[in-house]
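K.L.:
Have a look at this one before I ask anything.
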Amino acid sequence: MKLYTYFRSSAAYRVRIVLNLKGLPCDMAPIHLTKDGGYQRKPEFIAINAQMRVPALELSSGDVLTQSLAIIEYLDDIHPEPPLLPPDALARAKVRAIAQIVACDIHPLNNLLVLQYLKRQLKHEQAEIDAWYHHWVIEGFKAIEAMMAPGPYACGTHVTLADVCLVPQVFNARRLKVPLDAFPKIVAADAACLKLAAFDRARPENQPDAE
Ligand SMILES: N[C@@H](CCC(=O)N[C@@H](CS)C(=O)NCC(=O)O)C(=O)O
């Protein structure tokens with residue numbers, strides 16, 4: 001398999017964690033999202049993902065999957081061990097709710113494309129863009145903090161999809177200097193996850209394209 005990735009992309013980071021958790025070998029194909037106008041906009045990559053985003057996962061069959069949650073669900077279907085969701089339906093819904101706060105509510109408002117649009121098209125000042133970013137992370141993290149189970153991980157004693165989504169979002173929040181003091185459970189779950197080799201190897205700074 002080949003993962004089209006960018007070291008700082010939190011959506012690609014989610015997929016890297018899952019590949020590692022499941023012990024799946026995968027070549028990394030870095031797509032630089034900012035250099036030369038962004039390699040995601042070059043015709044070679046548009047042929048891979050018409051949405052011009054990472055991650056995209058090329059399977060050995062030649063099929064290409066896009067959207068991190070769809071990729072992760074596919075990997076979990078094909079390689080069920082270790083599972084990313086608990087067996088019980090109620091517990092599964094709780095895990096998915098945290099994952100979706102990150103993937104559907106926080107990240108789409110704060111990803112690079114949106115921040116660039118605020119700056120380039122709508123001409124907002126950097127301070128306003130930073131305030132936008134902080135606001136949406138803090139709103140989402142407040143809810144997640146209230147929903148989290150006693151640890152060590154986001155939903156209890158096993159790593160789940162909630163952790164897979166949360167850890168990259170915490171990385172991003174730290175990079176953009178969002179204060180995390182009000183979120184001790186999130187900070188603790190992030191630290192617990194990063195002690196695991198699967199999470200550590202997926203970190204942006206441990207990628208071949210890290211800058
Ligand atoms: N919902 C998508 C989001 C993918 C996404 O927005 N990726 C960002 C990087 S985190 C990207 O490729 N942005 C392209 C750009 O900034 O032009 C997913 O979960 O895969």
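We label chains A, B, ... in the order they appear in the structure tokens, count residues from 1 in each chain, and number ligands from 1 in the order shown.
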Mind dumping a table of every chain A residue within 10 Å of ligand 1, with the nearest atom pair and its distance in Å to one decimal, using only C-alpha atoms and all ligand atoms, sorted by chain and rising number, as JSON lines?
P.N.:
{"residue": "A:Tyr4", "atom": "CA", "partner": "ligand 1", "partner_atom_place_in_ligand_line": "12 (O)", "distance": 9.6}
{"residue": "A:Thr5", "atom": "CA", "partner": "ligand 1", "partner_atom_place_in_ligand_line": "12 (O)", "distance": 8.3}
{"residue": "A:Tyr6", "atom": "CA", "partner": "ligand 1", "partner_atom_place_in_ligand_line": "9 (C)", "distance": 7.4}
{"residue": "A:Phe7", "atom": "CA", "partner": "ligand 1", "partner_atom_place_in_ligand_line": "10 (S)", "distance": 9.4}
{"residue": "A:Arg8", "atom": "CA", "partner": "ligand 1", "partner_atom_place_in_ligand_line": "10 (S)", "distance": 7.2}
{"residue": "A:Ser9", "atom": "CA", "partner": "ligand 1", "partner_atom_place_in_ligand_line": "10 (S)", "distance": 3.7}
{"residue": "A:Ser10", "atom": "CA", "partner": "ligand 1", "partner_atom_place_in_ligand_line": "10 (S)", "distance": 4.8}
{"residue": "A:Ala11", "atom": "CA", "partner": "ligand 1", "partner_atom_place_in_ligand_line": "10 (S)", "distance": 4.7}
{"residue": "A:Ala12", "atom": "CA", "partner": "ligand 1", "partner_atom_place_in_ligand_line": "10 (S)", "distance": 6.5}
{"residue": "A:Tyr13", "atom": "CA", "partner": "ligand 1", "partner_atom_place_in_ligand_line": "10 (S)", "distance": 8.3}
{"residue": "A:Arg14", "atom": "CA", "partner": "ligand 1", "partner_atom_place_in_ligand_line": "19 (O)", "distance": 8.4}
{"residue": "A:Val15", "atom": "CA", "partner": "ligand 1", "partner_atom_place_in_ligand_line": "20 (O)", "distance": 8.8}
{"residue": "A:Ile31", "atom": "CA", "partner": "ligand 1", "partner_atom_place_in_ligand_line": "12 (O)", "distance": 8.7}
{"residue": "A:His32", "atom": "CA", "partner": "ligand 1", "partner_atom_place_in_ligand_line": "12 (O)", "distance": 9.3}
{"residue": "A:Leu33", "atom": "CA", "partner": "ligand 1", "partner_atom_place_in_ligand_line": "15 (C)", "distance": 5.8}
{"residue": "A:Thr34", "atom": "CA", "partner": "ligand 1", "partner_atom_place_in_ligand_line": "16 (O)", "distance": 7.5}
{"residue": "A:Gly37", "atom": "CA", "partner": "ligand 1", "partner_atom_place_in_ligand_line": "17 (O)", "distance": 8.8}
{"residue": "A:Gly38", "atom": "CA", "partner": "ligand 1", "partner_atom_place_in_ligand_line": "17 (O)", "distance": 6.6}
{"residue": "A:Tyr39", "atom": "CA", "partner": "ligand 1", "partner_atom_place_in_ligand_line": "17 (O)", "distance": 8.6}
{"residue": "A:Gln40", "atom": "CA", "partner": "ligand 1", "partner_atom_place_in_ligand_line": "17 (O)", "distance": 6.4}
{"residue": "A:Arg41", "atom": "CA", "partner": "ligand 1", "partner_atom_place_in_ligand_line": "17 (O)", "distance": 7.4}
{"residue": "A:Asn49", "atom": "CA", "partner": "ligand 1", "partner_atom_place_in_ligand_line": "12 (O)", "distance": 9.8}
{"residue": "A:Gln51", "atom": "CA", "partner": "ligand 1", "partner_atom_place_in_ligand_line": "12 (O)", "distance": 8.4}
{"residue": "A:Met52", "atom": "CA", "partner": "ligand 1", "partner_atom_place_in_ligand_line": "14 (C)", "distance": 6.1}
{"residue": "A:Arg53", "atom": "CA", "partner": "ligand 1", "partner_atom_place_in_ligand_line": "12 (O)", "distance": 3.1}
{"residue": "A:Val54", "atom": "CA", "partner": "ligand 1", "partner_atom_place_in_ligand_line": "12 (O)", "distance": 3.9}
{"residue": "A:Pro55", "atom": "CA", "partner": "ligand 1", "partner_atom_place_in_ligand_line": "20 (O)", "distance": 5.5}
{"residue": "A:Ala56", "atom": "CA", "partner": "ligand 1", "partner_atom_place_in_ligand_line": "20 (O)", "distance": 7.7}
{"residue": "A:Leu65", "atom": "CA", "partner": "ligand 1", "partner_atom_place_in_ligand_line": "20 (O)", "distance": 9.7}
{"residue": "A:Thr66", "atom": "CA", "partner": "ligand 1", "partner_atom_place_in_ligand_line": "20 (O)", "distance": 6.3}
{"residue": "A:Gln67", "atom": "CA", "partner": "ligand 1", "partner_atom_place_in_ligand_line": "20 (O)", "distance": 3.4}
{"residue": "A:Ser68", "atom": "CA", "partner": "ligand 1", "partner_atom_place_in_ligand_line": "20 (O)", "distance": 3.8}
{"residue": "A:Leu69", "atom": "CA", "partner": "ligand 1", "partner_atom_place_in_ligand_line": "19 (O)", "distance": 5.8}
{"residue": "A:Ala70", "atom": "CA", "partner": "ligand 1", "partner_atom_place_in_ligand_line": "19 (O)", "distance": 8.0}
{"residue": "A:Ile71", "atom": "CA", "partner": "ligand 1", "partner_atom_place_in_ligand_line": "20 (O)", "distance": 8.3}
{"residue": "A:Ile72", "atom": "CA", "partner": "ligand 1", "partner_atom_place_in_ligand_line": "19 (O)", "distance": 9.6}
{"residue": "A:Val102", "atom": "CA", "partner": "ligand 1", "partner_atom_place_in_ligand_line": "19 (O)", "distance": 9.7}
{"residue": "A:Ala103", "atom": "CA", "partner": "ligand 1", "partner_atom_place_in_ligand_line": "19 (O)", "distance": 6.2}
{"residue": "A:Cys104", "atom": "CA", "partner": "ligand 1", "partner_atom_place_in_ligand_line": "1 (N)", "distance": 7.4}
{"residue": "A:His107", "atom": "CA", "partner": "ligand 1", "partner_atom_place_in_ligand_line": "3 (C)", "distance": 7.5}
{"residue": "A:Pro108", "atom": "CA", "partner": "ligand 1", "partner_atom_place_in_ligand_line": "6 (O)", "distance": 6.7}
{"residue": "A:Leu109", "atom": "CA", "partner": "ligand 1", "partner_atom_place_in_ligand_line": "6 (O)", "distance": 9.6}
{"residue": "A:Asn110", "atom": "CA", "partner": "ligand 1", "partner_atom_place_in_ligand_line": "6 (O)", "distance": 9.0}
{"residue": "A:Asn111", "atom": "CA", "partner": "ligand 1", "partner_atom_place_in_ligand_line": "6 (O)", "distance": 5.8}
{"residue": "A:Leu112", "atom": "CA", "partner": "ligand 1", "partner_atom_place_in_ligand_line": "16 (O)", "distance": 4.4}
{"residue": "A:Leu113", "atom": "CA", "partner": "ligand 1", "partner_atom_place_in_ligand_line": "16 (O)", "distance": 4.1}
{"residue": "A:Val114", "atom": "CA", "partner": "ligand 1", "partner_atom_place_in_ligand_line": "16 (O)", "distance": 7.8}
{"residue": "A:Leu115", "atom": "CA", "partner": "ligand 1", "partner_atom_place_in_ligand_line": "16 (O)", "distance": 8.7}
{"residue": "A:Gln116", "atom": "CA", "partner": "ligand 1", "partner_atom_place_in_ligand_line": "16 (O)", "distance": 7.9}
{"residue": "A:Tyr117", "atom": "CA", "partner": "ligand 1", "partner_atom_place_in_ligand_line": "16 (O)", "distance": 9.8}
{"residue": "A:Cys165", "atom": "CA", "partner": "ligand 1", "partner_atom_place_in_ligand_line": "19 (O)", "distance": 9.4}
{"residue": "A:Pro168", "atom": "CA", "partner": "ligand 1", "partner_atom_place_in_ligand_line": "10 (S)", "distance": 9.6}
{"residue": "A:Gln169", "atom": "CA", "partner": "ligand 1", "partner_atom_place_in_ligand_line": "10 (S)", "distance": 9.9}
{"residue": "A:Asn172", "atom": "CA", "partner": "ligand 1", "partner_atom_place_in_ligand_line": "10 (S)", "distance": 9.7}
K.L.:
Give me the residues within 7 Å of segment 127-138 of chain A as an MDAnalysis selection string, counting only C-alpha atoms and dropping any in the same chain fewer than 3 places off.
P.N.:
chainID A and resid 106 110 115 118 124 141:142 178
K.L.:
For atom CA of Asp105 of chain A and atom CA of Ala146 of chain A, quote the distance in Å rounded to one decimal.
P.N.:
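Atom-to-atom, atom CA of Asp105 of chain A to atom CA of Ala146 of chain A, that is 16.0 Å.
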K.L.:
Please provide as a JSON list (two decimals) with N, CA, C and O atoms, in the first residue's frame all residues within 8 Å of Arg201 of chain A, with the sequence filter that same-chain residues fewer than 6 positions apart are discarded (counting only C-alpha atoms).
P.N.:
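Contents of the output file around20.json:
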[["chain", "number", "residue", "atom", "x", "y", "z"],
["A", 17, "ILE", "N", -1.43, 6.47, 12.24],
["A", 17, "ILE", "CA", -1.58, 5.79, 13.54],
["A", 17, "ILE", "C", -2.24, 4.42, 13.33],
["A", 17, "ILE", "O", -1.78, 3.40, 13.87],
["A", 20, "ASN", "N", -0.06, 1.79, 11.82],
["A", 20, "ASN", "CA", 0.90, 1.29, 12.82],
["A", 20, "ASN", "C", 0.22, 0.39, 13.85],
["A", 20, "ASN", "O", 0.76, -0.65, 14.23],
["A", 207, "GLN", "N", 8.24, 11.68, 10.56],
["A", 207, "GLN", "CA", 7.96, 11.33, 9.17],
["A", 207, "GLN", "C", 9.13, 11.68, 8.27],
["A", 207, "GLN", "O", 9.89, 12.61, 8.56]]
K.L.:
One number please: atom CA of Asp209 of chain A to atom CA of Leu161 of chain A, in Å, one decimal.
P.N.:
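Atom CA of Leu161 of chain A lies at a distance of 25.0 Å from atom CA of Asp209 of chain A.
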K.L.:
For Leu19 of chain A, find every residue with an atom within 8 Å (counting only C-alpha atoms), except residues of its own chain fewer than 6 positions away, and show them as a list in words.
P.N.:
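Result of the neighbour search: Pro25, Cys26 and Leu75 of chain A.
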K.L.:
Save the residues we just selected, all heavy atoms, as a PDB file, in the first residue's frame?
P.N.:
ATOM      1  N   PRO A  25       2.365  -2.758   6.788  1.00  0.00           N
ATOM      2  CA  PRO A  25       3.431  -2.027   6.094  1.00  0.00           C
ATOM      3  C   PRO A  25       2.842  -1.142   5.004  1.00  0.00           C
ATOM      4  O   PRO A  25       1.887  -1.538   4.319  1.00  0.00           O
ATOM      5  CB  PRO A  25       4.300  -3.142   5.492  1.00  0.00           C
ATOM      6  CG  PRO A  25       3.485  -4.374   5.522  1.00  0.00           C
ATOM      7  CD  PRO A  25       2.344  -4.194   6.480  1.00  0.00           C
ATOM      8  N   CYS A  26       3.399   0.036   4.857  1.00  0.00           N
ATOM      9  CA  CYS A  26       2.849   0.978   3.871  1.00  0.00           C
ATOM     10  C   CYS A  26       3.936   1.966   3.475  1.00  0.00           C
ATOM     11  O   CYS A  26       4.640   2.494   4.332  1.00  0.00           O
ATOM     12  CB  CYS A  26       1.675   1.720   4.530  1.00  0.00           C
ATOM     13  SG  CYS A  26       0.765   2.765   3.401  1.00  0.00           S
ATOM     14  N   LEU A  75      -9.675  -0.113   6.724  1.00  0.00           N
ATOM     15  CA  LEU A  75      -8.571  -0.880   7.328  1.00  0.00           C
ATOM     16  C   LEU A  75      -9.082  -1.711   8.501  1.00  0.00           C
ATOM     17  O   LEU A  75      -8.666  -2.857   8.701  1.00  0.00           O
ATOM     18  CB  LEU A  75      -7.446   0.066   7.778  1.00  0.00           C
ATOM     19  CG  LEU A  75      -6.698   0.790   6.641  1.00  0.00           C
ATOM     20  CD1 LEU A  75      -5.733   1.831   7.202  1.00  0.00           C
ATOM     21  CD2 LEU A  75      -5.940  -0.214   5.762  1.00  0.00           C
TER      22      LEU A  75
END
K.L.:
Among segment 73-144 of chain A, which ones does DSSP assign to helix (DSSP H, G or I) (computed from the backbone)? Answer as a PyMOL selection string.
P.N.:
chain A and resi 73-78+89-110+112-120+126-144
K.L.:
Could you tell me how far atom CA of Asp76 of chain A lies from atom CA of Ala99 of chain A, in Å and to one decimal?
P.N.:
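Interatomic distance here is 14.8 Å.
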K.L.:
Measuring atom to atom with only C-alpha atoms, identify which of A:Pro204, A:Pro179, A:Pro86, A:Pro150 is nearest to Val167 of chain A.
P.N.:
A:Pro204
K.L.:
Write out as a PyMOL selection string all residues of segment 25-150 of chain A that DSSP puts in strand (DSSP E) for this structure's backbone.
P.N.:
chain A and resi 27-30+56-58+64-66
